[in-house]
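First up is the structure itself, then whatever we jot down about it.
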Amino acid sequence: MRRYYSVSAKKFIDKDGQEVIKYYPNAVYAGHFSSEDMAKDISQSTSLSEPDVLSALKAFSIVLETRLKLGYNIKLDGIGTFSLSVIGEACVTEKECKPNKVKVGRIAFKADSKLRKDMIGIKFYKTKVKHSKKK
């Protein structure tokens with residue numbers, strides 16, 4: 001499999017106060033792969049129809065949201081684990097840490113170790129297209 005990357009320059013001020021430019025790789029994305037695209041691919045390799053797969057993906061989305069809200073981590077074998085992190089204001093005492101000071105931080109995803117290992121062999125090729133920053 002082939003994966004592309006681009007390179008962008010970033011300016012830094014080093015410990016001596018000198019401006020330094022360093023170059024970093026950036027992932028180049030092939031585009032968006034929608035639920036419909038996923039359903040088509042899955043239906044071609046199973047006995048499920050595209051509408052069946054779309055229905056299952058929609059149901060998965062609903063169950064994922066509900067279970068995260070209820071405090072569960074969702075582990076999908078061979079894929080990874082979804083979990084919810086929380087953030088809040090720093091409090092001087094434990095008693096001060098009330099529910100109104102707690103908010104959703106982010107939805108985290110930790111890839112399954114097999115999936116991570118399967119990504120090791122990807123060959124990268126530098127693209128000729130300049131990297132564009134997301135807005």
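Just so we're on the same page: first chain in the structure tokens is A, next is B, and so on; residues restart at 1 for each chain, and ligands are numbered from 1 in the order they show up.
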(message) as a ChimeraX atom specification, please: every residue in chain A that DSSP puts in helix (DSSP H, G or I).
(response) /A:35-45,50-69,99-101,113-118
(request) Once DSSP has gone over the backbone, tell me which residues of segment 60-101 of chain A are in strand (DSSP E or B), as a list in words. (result)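 After running DSSP on the backbone, segment 60-101 of chain A has strand (DSSP E or B) at Ile74, Lys75, Leu76, Gly80, Thr81, Phe82, Ser83, Leu84, Ser85, Val86, Ile87 and Gly88 of chain A.
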(message) With only C-alpha atoms as the counted atoms, please give the residues lying no more than 7 Å from segment 3-16 of chain A, apart from itself and same-chain residues fewer than 6 positions off, as an NGL selection string.
(response) :A and (22-28 or 122-127 or 130-131)
(request) Go through A:Thr93, A:Ser35, A:Ser49, A:Ser83 and flag the residue nearest Glu65 of chain A, using only C-alpha atoms for the distances. (result)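 The shortest atom-to-atom distance to Glu65 of chain A comes from A:Ser83.
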(message) Just want the 8 Å neighbourhood of Ala111 of chain A, counted on only C-alpha atoms, with same-chain residues fewer than 3 positions away dropped. Output as a PyMOL selection string.
(response) chain A and resi 79-81+115-116
Please produce an output containing C-alpha atoms for each residue in the selection, written as a compact mmCIF listing (two decimals), in the first residue's frame.
# COMPACT_ATOMS: atom_id res chain seq x y z
CA ILE A 79 -10.26 -1.80 15.70
CA GLY A 80 -9.75 -0.14 19.07
CA THR A 81 -11.38 1.48 22.07
CA LEU A 115 -4.28 -2.57 13.90
CA ARG A 116 -1.32 -0.43 14.96
(request) Have a look at atom CA of Leu76 of chain A and atom CA of Lys114 of chain A and let me know their distance in Å, one decimal. (result)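 So the answer is 11.9 Å.
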(message) What does the structure give for the distance between atom CA of Ser113 of chain A and atom CA of Gly78 of chain A, in Å to one decimal?
(response)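 Atom-to-atom, atom CA of Ser113 of chain A to atom CA of Gly78 of chain A, that is 7.9 Å.
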(request) Take atom CA of Val104 of chain A and atom CA of Leu84 of chain A and report the distance between them in Å, one decimal. (result) 7.2 Å
(request) Choose the residue, out of A:Cys97, A:Ser55, A:Glu19, A:Phe82, that has the smallest atom-to-atom separation from Arg67 of chain A; count only C-alpha atoms. (result)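 Of A:Cys97, A:Ser55, A:Glu19, A:Phe82, the one nearest Arg67 of chain A, counting only C-alpha atoms, is A:Phe82.
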(request) Name all residues at most 12 Å from Ala90 of chain A (count only C-alpha atoms; drop same-chain ones fewer than 6 positions away) and give them as a list in words. (result)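 Non-adjacent residues within range: Glu96, Cys97, Lys98, Lys101 and Val102 of chain A.
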